[in-house]
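Here is protein-v9.cif, consisting of mmCIF, C-alpha atoms:
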```
data_protein
#
loop_
_atom_site.label_atom_id
_atom_site.label_comp_id
_atom_site.auth_asym_id
_atom_site.auth_seq_id
_atom_site.Cartn_x
_atom_site.Cartn_y
_atom_site.Cartn_z
CA MET T 1 161.86 160.81 89.35
CA TRP T 2 159.46 163.01 87.45
CA SER T 3 160.76 165.82 85.29
CA VAL T 4 159.57 169.38 85.85
CA ARG T 5 157.73 169.24 82.53
CA GLU T 6 155.98 165.95 83.35
CA HIS T 7 154.76 167.24 86.71
CA LEU T 8 153.54 170.53 85.20
CA ASP T 9 151.80 168.72 82.33
CA ASP T 10 150.04 166.46 84.84
CA ILE T 11 148.76 169.53 86.69
CA LEU T 12 147.65 171.46 83.61
CA THR T 13 145.86 168.49 82.02
CA THR T 14 143.92 167.95 85.26
CA VAL T 15 143.01 171.53 86.21
CA ARG T 16 140.14 173.01 84.21
CA PRO T 17 138.93 176.62 83.91
CA LEU T 18 136.14 177.57 86.29
CA GLU T 19 132.59 177.78 84.98
CA PRO T 20 131.52 181.24 83.72
CA ILE T 21 129.29 183.52 85.75
CA GLU T 22 127.75 186.92 85.05
CA LEU T 23 129.00 189.79 87.21
CA ASN T 24 128.56 193.53 87.57
CA LEU T 25 131.46 195.50 86.13
CA LEU T 26 133.35 196.27 89.32
CA ASP T 27 132.89 192.72 90.58
CA ALA T 28 134.40 191.50 87.29
CA GLN T 29 137.71 193.29 87.83
CA GLY T 30 140.55 190.77 87.71
CA CYS T 31 138.37 188.19 85.95
CA VAL T 32 138.73 186.84 82.42
CA LEU T 33 136.15 187.68 79.78
CA VAL T 34 134.29 184.70 78.33
CA ASP T 35 132.69 186.31 75.25
CA ASP T 36 133.78 188.77 72.59
CA ILE T 37 132.28 192.20 73.28
CA THR T 38 130.88 194.10 70.28
CA VAL T 39 130.46 197.86 70.37
CA PRO T 40 126.73 198.76 70.27
CA LEU T 41 127.34 202.46 69.65
CA SER T 42 130.21 204.53 68.34
CA LEU T 43 132.58 206.34 70.67
CA PRO T 44 132.30 209.21 70.81
CA PRO T 45 128.62 208.94 69.80
CA PHE T 46 128.67 212.43 68.24
CA ASP T 47 131.14 215.07 67.04
CA ASN T 48 132.23 217.00 70.13
CA SER T 49 134.67 219.65 71.20
CA SER T 50 138.04 218.77 72.70
CA MET T 51 138.52 222.32 74.02
CA ASP T 52 136.69 225.06 75.86
CA GLY T 53 136.20 227.75 73.23
CA TYR T 54 133.92 228.85 70.43
CA ALA T 55 132.30 226.80 67.68
CA VAL T 56 132.54 228.77 64.43
CA ARG T 57 132.53 228.54 60.65
CA VAL T 58 135.99 228.33 59.05
CA ALA T 59 135.37 231.19 56.61
CA ASP T 60 134.42 233.53 59.46
CA VAL T 61 137.86 233.29 61.12
CA ALA T 62 140.02 233.01 58.00
CA GLY T 63 142.83 235.55 58.19
CA ALA T 64 142.05 236.52 61.79
CA SER T 65 144.95 238.05 63.75
CA GLU T 66 145.55 240.14 66.86
CA GLU T 67 145.79 243.23 64.66
CA PHE T 68 142.68 242.35 62.67
CA PRO T 69 140.50 240.06 64.80
CA ALA T 70 137.33 238.46 63.51
CA ALA T 71 134.32 239.83 65.40
CA LEU T 72 131.50 237.30 65.72
CA GLU T 73 128.05 237.37 67.31
CA VAL T 74 127.77 234.94 70.26
CA VAL T 75 124.45 233.10 69.98
CA GLY T 76 124.64 231.16 73.27
CA ASP T 77 126.31 228.32 75.13
CA VAL T 78 126.70 224.66 74.20
CA ALA T 79 127.45 222.66 77.34
CA ALA T 80 128.29 218.99 77.72
CA GLY T 81 125.07 216.99 77.96
CA GLN T 82 123.00 219.67 76.23
CA ALA T 83 120.15 218.08 74.34
CA ASP T 84 119.20 220.86 71.88
CA PRO T 85 122.34 222.47 70.48
CA LEU T 86 122.27 225.88 68.89
CA THR T 87 122.74 226.47 65.18
CA VAL T 88 125.73 228.53 64.11
CA GLY T 89 125.17 230.72 61.05
CA PRO T 90 127.46 233.04 59.10
CA GLY T 91 129.18 235.58 61.33
CA GLN T 92 128.12 233.73 64.45
CA ALA T 93 129.84 231.72 67.23
CA ALA T 94 128.59 229.47 70.01
CA ARG T 95 130.52 229.31 73.25
CA ILE T 96 131.28 225.59 73.63
CA MET T 97 132.59 223.46 76.47
CA THR T 98 134.84 220.41 76.32
CA GLY T 99 132.78 217.32 75.47
CA ALA T 100 129.80 219.29 74.19
CA PRO T 101 128.33 218.34 70.78
CA LEU T 102 129.46 220.42 67.85
CA PRO T 103 126.41 222.50 66.92
CA PRO T 104 124.91 222.40 63.42
CA GLY T 105 126.54 224.92 61.10
CA ALA T 106 129.83 224.99 63.02
CA GLU T 107 132.87 223.58 61.26
CA THR T 108 135.65 224.04 63.79
CA VAL T 109 136.41 225.07 67.36
CA VAL T 110 138.55 228.03 68.36
CA PRO T 111 140.14 227.64 71.83
CA VAL T 112 139.09 230.36 74.25
CA GLU T 113 142.76 231.34 74.61
CA TRP T 114 142.66 232.53 70.97
CA THR T 115 139.85 234.98 71.79
CA ASP T 116 139.00 237.88 74.06
CA GLY T 117 136.36 235.75 75.80
CA GLY T 118 133.75 238.39 74.90
CA LEU T 119 135.41 240.94 77.19
CA GLY T 120 137.00 243.14 74.52
CA GLU T 121 140.28 243.28 76.42
CA GLY T 122 142.62 241.09 74.36
CA PRO T 123 143.39 237.35 74.63
CA VAL T 124 142.15 235.63 77.80
CA ALA T 125 143.35 232.57 79.68
CA GLY T 126 139.93 231.03 80.24
CA MET T 127 136.19 231.51 80.60
CA ARG T 128 134.34 233.04 83.49
CA ALA T 129 131.91 230.75 85.27
CA ARG T 130 128.44 231.09 83.78
CA SER T 131 126.95 231.66 87.23
CA LEU T 132 129.22 234.68 87.71
CA ALA T 133 129.01 236.13 84.19
CA PRO T 134 125.91 234.91 82.32
CA GLU T 135 126.24 237.81 79.88
CA ALA T 136 129.37 236.15 78.35
CA ALA T 137 127.09 233.73 76.50
CA GLU T 138 125.88 236.59 74.30
CA GLY T 139 127.22 239.75 72.75
CA GLN T 140 130.36 239.67 70.62
CA VAL T 141 133.64 237.75 70.70
CA ARG T 142 136.87 238.67 68.94
CA VAL T 143 138.93 235.82 67.49
CA TYR T 144 142.66 236.43 67.02
CA ARG T 145 143.72 233.32 65.07
CA PRO T 146 142.27 231.30 62.17
CA ALA T 147 141.31 227.63 62.59
CA GLU T 148 141.26 224.79 60.07
CA ALA T 149 138.18 222.69 59.47
CA ARG T 150 137.52 220.13 62.23
CA ALA T 151 140.24 221.57 64.46
CA HIS T 152 139.74 220.62 68.12
CA VAL T 153 136.82 218.39 67.16
CA ARG T 154 136.60 214.77 68.27
CA ALA T 155 134.92 212.96 65.39
CA LYS T 156 132.05 210.55 65.97
CA GLY T 157 133.44 207.00 66.05
CA SER T 158 137.07 208.15 66.20
CA ASP T 159 137.61 205.87 69.21
CA VAL T 160 135.54 202.82 68.23
CA ARG T 161 132.70 202.38 65.76
CA SER T 162 129.43 200.56 66.20
CA GLY T 163 129.94 196.90 65.32
CA ASP T 164 133.66 196.88 66.15
CA ARG T 165 134.99 194.26 68.55
CA ALA T 166 135.81 196.13 71.73
CA LEU T 167 137.35 193.26 73.71
CA GLU T 168 138.17 189.66 72.87
CA ALA T 169 137.21 186.61 74.87
CA GLY T 170 140.11 185.74 77.13
CA THR T 171 140.85 189.36 78.04
CA LEU T 172 141.84 189.96 81.65
CA LEU T 173 139.66 192.81 82.90
CA GLY T 174 141.67 195.63 84.46
CA PRO T 175 140.70 199.27 85.05
CA PRO T 176 141.02 200.37 81.37
CA GLN T 177 138.90 197.44 80.17
CA ILE T 178 136.27 198.10 82.86
CA GLY T 179 136.21 201.73 81.73
CA LEU T 180 135.70 200.74 78.09
CA LEU T 181 132.84 198.39 78.97
CA ALA T 182 131.15 201.15 80.95
CA ALA T 183 131.70 203.62 78.10
CA ILE T 184 129.84 201.39 75.64
CA GLY T 185 127.00 200.81 78.10
CA ARG T 186 127.80 197.31 79.36
CA GLY T 187 126.94 197.03 83.06
CA ARG T 188 127.36 193.24 83.35
CA VAL T 189 129.63 190.73 81.63
CA ARG T 190 130.18 186.98 81.57
CA VAL T 191 133.52 186.04 83.05
CA ARG T 192 135.36 183.21 84.68
CA PRO T 193 135.54 184.10 88.38
CA ARG T 194 138.78 184.62 90.22
CA PRO T 195 139.81 181.28 91.76
CA ARG T 196 139.56 180.88 95.53
CA VAL T 197 142.87 179.53 96.78
CA VAL T 198 143.39 178.29 100.34
CA VAL T 199 147.01 178.29 101.56
CA LEU T 200 147.91 176.16 104.55
CA SER T 201 151.33 175.66 106.14
CA THR T 202 152.27 172.77 108.41
CA GLY T 203 154.79 172.38 111.20
CA SER T 204 154.69 172.37 114.99
CA GLU T 205 157.72 174.67 114.95
CA LEU T 206 155.82 177.49 113.22
CA VAL T 207 154.77 180.60 115.14
CA GLN T 208 152.77 183.56 113.85
CA PRO T 209 154.57 186.88 113.38
CA ASP T 210 154.39 189.20 116.43
CA GLU T 211 154.29 186.22 118.79
CA GLU T 212 157.13 185.23 121.13
CA LEU T 213 159.49 182.54 119.83
CA ALA T 214 160.26 179.60 122.09
CA PRO T 215 163.46 177.57 121.65
CA GLY T 216 163.35 175.60 118.39
CA GLN T 217 160.57 177.67 116.86
CA ILE T 218 160.54 179.86 113.75
CA TYR T 219 158.07 182.30 112.27
CA ASP T 220 155.65 181.06 109.62
CA SER T 221 156.67 182.89 106.46
CA ASN T 222 155.56 180.42 103.78
CA SER T 223 151.83 180.89 104.24
CA PHE T 224 152.23 184.66 103.98
CA ALA T 225 154.47 184.49 100.91
CA LEU T 226 152.26 182.00 99.09
CA THR T 227 149.01 183.78 99.92
CA ALA T 228 150.52 187.00 98.57
CA ALA T 229 151.76 185.12 95.50
CA ALA T 230 148.31 183.65 94.88
CA ARG T 231 146.76 187.11 95.04
CA ASP T 232 149.45 188.41 92.71
CA ALA T 233 148.55 185.64 90.27
CA GLY T 234 144.93 186.83 90.26
CA ALA T 235 143.30 184.61 92.87
CA ILE T 236 141.19 185.37 95.91
CA ALA T 237 143.49 183.81 98.49
CA TYR T 238 142.80 182.73 102.06
CA ARG T 239 145.59 182.06 104.51
CA VAL T 240 145.09 179.41 107.17
CA GLY T 241 147.24 179.52 110.31
CA ALA T 242 149.97 176.91 110.61
CA VAL T 243 148.75 173.41 111.51
CA ALA T 244 150.77 171.31 113.95
CA ASP T 245 152.35 168.03 112.93
CA ASP T 246 149.29 165.91 113.53
CA ALA T 247 147.78 164.03 110.60
CA GLU T 248 144.22 163.93 111.92
CA THR T 249 144.20 167.65 112.72
CA LEU T 250 145.58 168.45 109.28
CA ARG T 251 143.05 166.22 107.51
CA SER T 252 140.19 167.83 109.46
CA THR T 253 141.46 171.34 108.71
CA ILE T 254 141.71 170.62 104.99
CA GLU T 255 138.20 169.16 104.92
CA ASP T 256 136.85 172.26 106.68
CA GLN T 257 138.52 174.55 104.15
CA LEU T 258 137.22 172.78 101.04
CA VAL T 259 133.96 174.74 101.15
CA ARG T 260 135.78 177.90 100.09
CA ALA T 261 138.49 176.44 97.85
CA ASP T 262 138.82 176.05 94.11
CA LEU T 263 142.45 175.11 94.77
CA MET T 264 144.26 173.97 97.92
CA VAL T 265 147.96 174.65 98.52
CA THR T 266 149.88 173.15 101.42
CA THR T 267 153.50 173.77 102.30
CA GLY T 268 155.69 171.48 104.35
CA GLY T 269 155.38 167.85 105.36
CA VAL T 270 155.98 166.24 101.94
CA SER T 271 159.48 164.80 102.35
CA VAL T 272 160.59 161.52 103.91
CA GLY T 273 160.83 162.47 107.59
CA ALA T 274 158.94 160.85 110.44
CA TYR T 275 156.92 164.05 111.00
CA ASP T 276 155.97 164.78 107.38
CA VAL T 277 152.26 164.78 108.13
CA VAL T 278 150.93 165.98 104.77
CA LYS T 279 151.92 162.69 103.19
CA GLU T 280 150.48 160.82 106.15
CA ALA T 281 147.22 162.77 106.11
CA LEU T 282 146.62 162.71 102.35
CA ALA T 283 148.37 159.69 100.91
CA HIS T 284 145.27 157.52 101.33
CA VAL T 285 142.62 160.14 100.61
CA GLY T 286 140.54 159.07 97.62
CA ASP T 287 139.26 155.65 98.52
CA GLU T 288 136.02 154.02 97.40
CA ASP T 289 134.01 156.89 98.92
CA GLU T 290 135.61 159.41 96.56
CA PRO T 291 136.65 157.53 93.39
CA GLY T 292 139.06 159.42 91.18
CA SER T 293 140.47 161.55 93.98
CA GLY T 294 143.71 161.26 95.89
CA VAL T 295 147.09 162.92 96.17
CA ASP T 296 150.20 161.46 94.58
CA PHE T 297 153.52 162.27 96.24
CA ARG T 298 156.52 162.21 93.94
CA LYS T 299 160.12 163.26 93.55
CA LEU T 300 161.04 165.75 90.85
CA ALA T 301 164.36 166.12 89.09
CA MET T 302 164.77 169.72 90.22
CA GLN T 303 166.53 171.82 92.81
CA PRO T 304 165.11 173.27 94.97
CA GLY T 305 161.73 171.57 95.26
CA LYS T 306 162.40 167.86 94.84
CA PRO T 307 159.46 166.56 96.94
CA GLN T 308 156.04 167.47 95.54
CA GLY T 309 152.47 166.31 95.79
CA PHE T 310 149.51 166.73 93.46
CA GLY T 311 146.01 165.38 93.23
CA SER T 312 142.41 166.16 94.09
CA ILE T 313 140.41 165.80 97.27
CA GLY T 314 136.84 166.07 98.47
CA PRO T 315 133.50 165.50 96.75
CA ASP T 316 134.21 168.18 94.14
CA HIS T 317 137.68 166.82 93.37
CA THR T 318 139.32 170.08 94.39
CA PRO T 319 142.91 170.24 93.08
CA LEU T 320 145.57 170.19 95.80
CA LEU T 321 149.24 171.00 95.36
CA ALA T 322 151.51 169.98 98.23
CA LEU T 323 154.74 171.98 98.22
CA PRO T 324 157.93 171.47 100.24
CA GLY T 325 158.43 173.48 103.40
CA ASN T 326 161.77 175.23 102.85
CA PRO T 327 160.95 178.84 101.94
CA VAL T 328 162.82 179.00 98.63
CA SER T 329 161.64 175.52 97.60
CA SER T 330 158.10 176.54 98.43
CA TYR T 331 158.18 179.79 96.48
CA VAL T 332 159.97 178.38 93.44
CA SER T 333 157.45 175.52 93.36
CA PHE T 334 154.63 178.03 93.51
CA GLU T 335 155.97 179.95 90.54
CA LEU T 336 156.51 176.82 88.46
CA PHE T 337 153.37 174.87 89.32
CA VAL T 338 150.76 176.74 91.38
CA ARG T 339 150.74 180.01 89.45
CA PRO T 340 150.08 178.22 86.11
CA ALA T 341 147.29 176.25 87.81
CA ILE T 342 145.67 179.46 89.08
CA ARG T 343 145.93 181.11 85.65
CA THR T 344 144.40 177.99 84.08
CA LEU T 345 141.46 178.13 86.49
CA MET T 346 140.99 181.76 85.44
CA GLY T 347 140.74 180.74 81.79
CA LEU T 348 143.84 182.58 80.58
CA ALA T 349 145.60 181.34 77.46
CA ASP T 350 149.11 182.24 78.62
CA VAL T 351 149.60 180.87 82.12
CA HIS T 352 153.37 181.09 82.51
CA ARG T 353 155.77 183.78 83.64
CA PRO T 354 157.68 185.33 80.73
CA THR T 355 161.14 183.95 80.00
CA ALA T 356 164.18 185.53 78.39
CA THR T 357 167.80 184.83 77.57
CA ALA T 358 170.40 186.73 79.57
CA THR T 359 174.17 186.82 79.96
CA LEU T 360 175.37 185.34 83.25
CA VAL T 361 177.40 187.80 85.32
CA THR T 362 179.32 186.01 88.07
CA GLU T 363 182.89 185.70 89.28
CA LYS T 364 183.04 181.92 89.04
CA ALA T 365 181.15 179.13 87.35
CA LEU T 366 177.81 178.02 88.79
CA THR T 367 177.64 174.36 89.70
CA SER T 368 174.50 172.25 89.40
CA PRO T 369 173.66 168.63 90.29
CA LYS T 370 173.63 166.42 87.22
CA GLY T 371 170.20 165.22 86.17
CA ARG T 372 168.31 168.00 87.94
CA ARG T 373 166.99 171.28 86.65
CA GLN T 374 168.22 173.96 89.00
CA PHE T 375 166.53 177.28 89.66
CA LEU T 376 168.77 179.96 91.17
CA ARG T 377 167.67 183.39 92.30
CA GLY T 378 168.99 186.35 90.34
CA THR T 379 168.57 189.98 89.43
CA CYS T 380 168.09 190.74 85.75
CA ALA T 381 168.91 194.05 84.02
CA ASP T 382 170.06 195.20 80.57
CA GLY T 383 170.22 191.70 79.14
CA SER T 384 172.33 190.24 81.96
CA VAL T 385 171.54 188.32 85.13
CA THR T 386 173.47 188.16 88.40
CA PRO T 387 172.95 185.41 91.00
CA VAL T 388 171.62 186.49 94.40
CA GLY T 389 172.58 184.42 97.42
CA GLY T 390 173.50 180.76 97.22
CA ALA T 391 171.67 177.59 96.28
CA GLY T 392 170.35 176.95 99.80
CA SER T 393 166.58 176.50 99.98
CA HIS T 394 166.35 178.44 103.26
CA LEU T 395 167.75 181.77 102.00
CA VAL T 396 164.69 183.99 102.33
CA ALA T 397 166.64 187.27 102.24
CA ALA T 398 168.21 186.42 98.88
CA LEU T 399 164.79 185.54 97.49
CA ALA T 400 163.42 188.91 98.56
CA HIS T 401 166.00 190.68 96.40
CA ALA T 402 165.57 188.50 93.30
CA ASP T 403 163.45 189.37 90.29
CA ALA T 404 164.31 186.33 88.17
CA LEU T 405 165.05 182.63 88.35
CA ILE T 406 168.17 181.42 86.56
CA VAL T 407 167.46 178.06 84.91
CA VAL T 408 170.29 175.53 84.73
CA PRO T 409 169.15 172.55 82.61
CA GLU T 410 169.36 168.93 83.70
CA ASP T 411 172.31 168.09 81.45
CA ALA T 412 174.54 170.91 82.75
CA GLU T 413 176.81 170.47 85.76
CA SER T 414 178.27 173.98 85.53
CA VAL T 415 177.65 177.28 83.79
CA GLU T 416 180.56 179.57 83.04
CA PRO T 417 180.55 183.36 83.50
CA GLY T 418 179.39 185.07 80.31
CA ALA T 419 177.24 182.13 79.22
CA GLU T 420 173.76 182.70 77.86
CA VAL T 421 171.17 181.32 80.28
CA GLU T 422 167.39 181.10 80.38
CA VAL T 423 165.72 183.23 83.05
CA VAL T 424 162.16 183.24 84.35
CA LEU T 425 161.13 186.85 84.97
CA LEU T 426 159.28 187.25 88.26
CA GLY T 427 158.50 190.98 88.14
#
```
Please rewrite the model in this file as structure tokens.
Amino acid sequence: MWSVREHLDDILTTVRPLEPIELNLLDAQGCVLVDDITVPLSLPPFDNSSMDGYAVRVADVAGASEEFPAALEVVGDVAAGQADPLTVGPGQAARIMTGAPLPPGAETVVPVEWTDGGLGEGPVAGMRARSLAPEAAEGQVRVYRPAEARAHVRAKGSDVRSGDRALEAGTLLGPPQIGLLAAIGRGRVRVRPRPRVVVLSTGSELVQPDEELAPGQIYDSNSFALTAAARDAGAIAYRVGAVADDAETLRSTIEDQLVRADLMVTTGGVSVGAYDVVKEALAHVGDEDEPGSGVDFRKLAMQPGKPQGFGSIGPDHTPLLALPGNPVSSYVSFELFVRPAIRTLMGLADVHRPTATATLVTEKALTSPKGRRQFLRGTCADGSVTPVGGAGSHLVAALAHADALIVVPEDAESVEPGAEVEVVLLG
């Protein structure tokens, strides 16, 4: 038998990150950055107002109050995007909008709520639209509170400065990172593309959801669960309808799918039964026509998920992971082996789910087969973990309520309530 670690190491030493490509920003979402990104210009690129209000000199509003307001001459508007800002002199104010550049001569910004808005009727809640009241950009404004220097001013470079490293190579690009790249003027970036993963389930007993079940048939859930899991891991995943237990049909289907696959995942047909067609179809792939390819079927010292297959197929030596067909075995195998392979293809440094130590909450001891690493479903909260369902590899409902895998090591035959256990966090 292979250990879990040996099988995983074999996969991760074989799978290599995909070659970089250059993509437009929105196409790069979910991809991993290949190069460090240096900031070409400071953000913000100029001092600007964080409030709608009036740009003034500090001395002109010192000591201002509602009883003794400071009366200032309004010299015009400064709007966001304005190219030629006004100059603010002694006793003057410029009406300024959020994001607009601080005009020369101004030292601070007074929020409009601290003024009469040029109406002479006491403090106001906001400004009138310029189209409705253009006269408010001139005349006089009364200020009822003083303001310190640089108040309500976003300083040039207060976010990032020119020459700073904005993002490191290896960063997974999500919405905030895409926004930062756009903000510094980068419209295209070099990334490793999201892997294309083809998921294929096998079994003549499998029927698609919404179809009528005949005696002896069950619905195909594995291909849906694993396709969703591949997408959750960051891949572009394609689900192939269940293939009947016929080796030639399966081999032909896999060959047809290779054109759109960076990774192939099959589920079912890897055990020792007479109808385990994945082994039959792939055991001898990789002959003299495709040297270096082939799929190795092995037994792992784990539960669930003992039968596994791994290798490469086709002219491009596309990696293929063959998982067992029981739903829990299939999903646990995906989390342990396929997800790290997908994250490796993406070029991520950390490819594993996070782990933690938790206190086992259960009424009686958990038993485990000696010599096998067992993975039990559980729910984890506040430093403790509670098993969900039993050890059966068919318990789909229990899996749906679990957010962690409880790990029982190979040398343990039982784990007592209150023991500290390792958990793999799935959420």
#### Entry: Residues within 10 Å of Asp36 in chain T, all atoms listed in the file, excluding chain neighbours under 3 positions, as a PyMOL selection string
chain T and resi 33+39+165-171+190
Practice prompt. Run the PyMOL selection byres ((chain T and resi 231) around 12) against the file shown and list the residues it catches, as a VMD selection string.
Written response: chain T and resid 30 194 to 199 224 to 230 232 to 239 338 to 339 342 to 343
- Message: Given the PyMOL selection byres ((chain T and resi 23) around 9) and the file above, list the residues it selects as a PyMOL selection string.
- Response: chain T and resi 21-22+24-28+187-191+193
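The environment of Thr249 in chain T within 12 Å, counting all atoms listed in the file and disregarding residues fewer than 2 places along the same chain, consists of Thr202, Gly203, Ser204, Ala242, Val243, Ala244, Asp245, Asp246, Ala247, Arg251, Ser252, Thr253, Ile254, Glu255, Asp256, Val277, Val278, Glu280, Ala281 and Leu282 of chain T.
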Explicit residue set for the PyMOL selection byres ((chain T and resi 365) around 6), as number ranges by chain:
T: 364, 366, 415-417
Quote the spacing between CA of Ala419 in chain T and CA of Met1 in chain T in Å to one decimal place.
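One can read the CA of Ala419 in chain T to CA of Met1 in chain T distance as 28.2 Å.
Residues lying within 12 Å of Cys380 in chain T, counting only C-alpha atoms and ignoring same-chain neighbours fewer than 5 positions away, are Thr355, Ala356, Thr357, Ala358, Thr359, Leu360, Val361, Val385, Thr386, Pro387, Val388, His401, Ala402, Asp403, Ala404, Leu405, Ile406, Val421, Glu422, Val423, Val424, Leu425, Leu426 and Gly427 of chain T.
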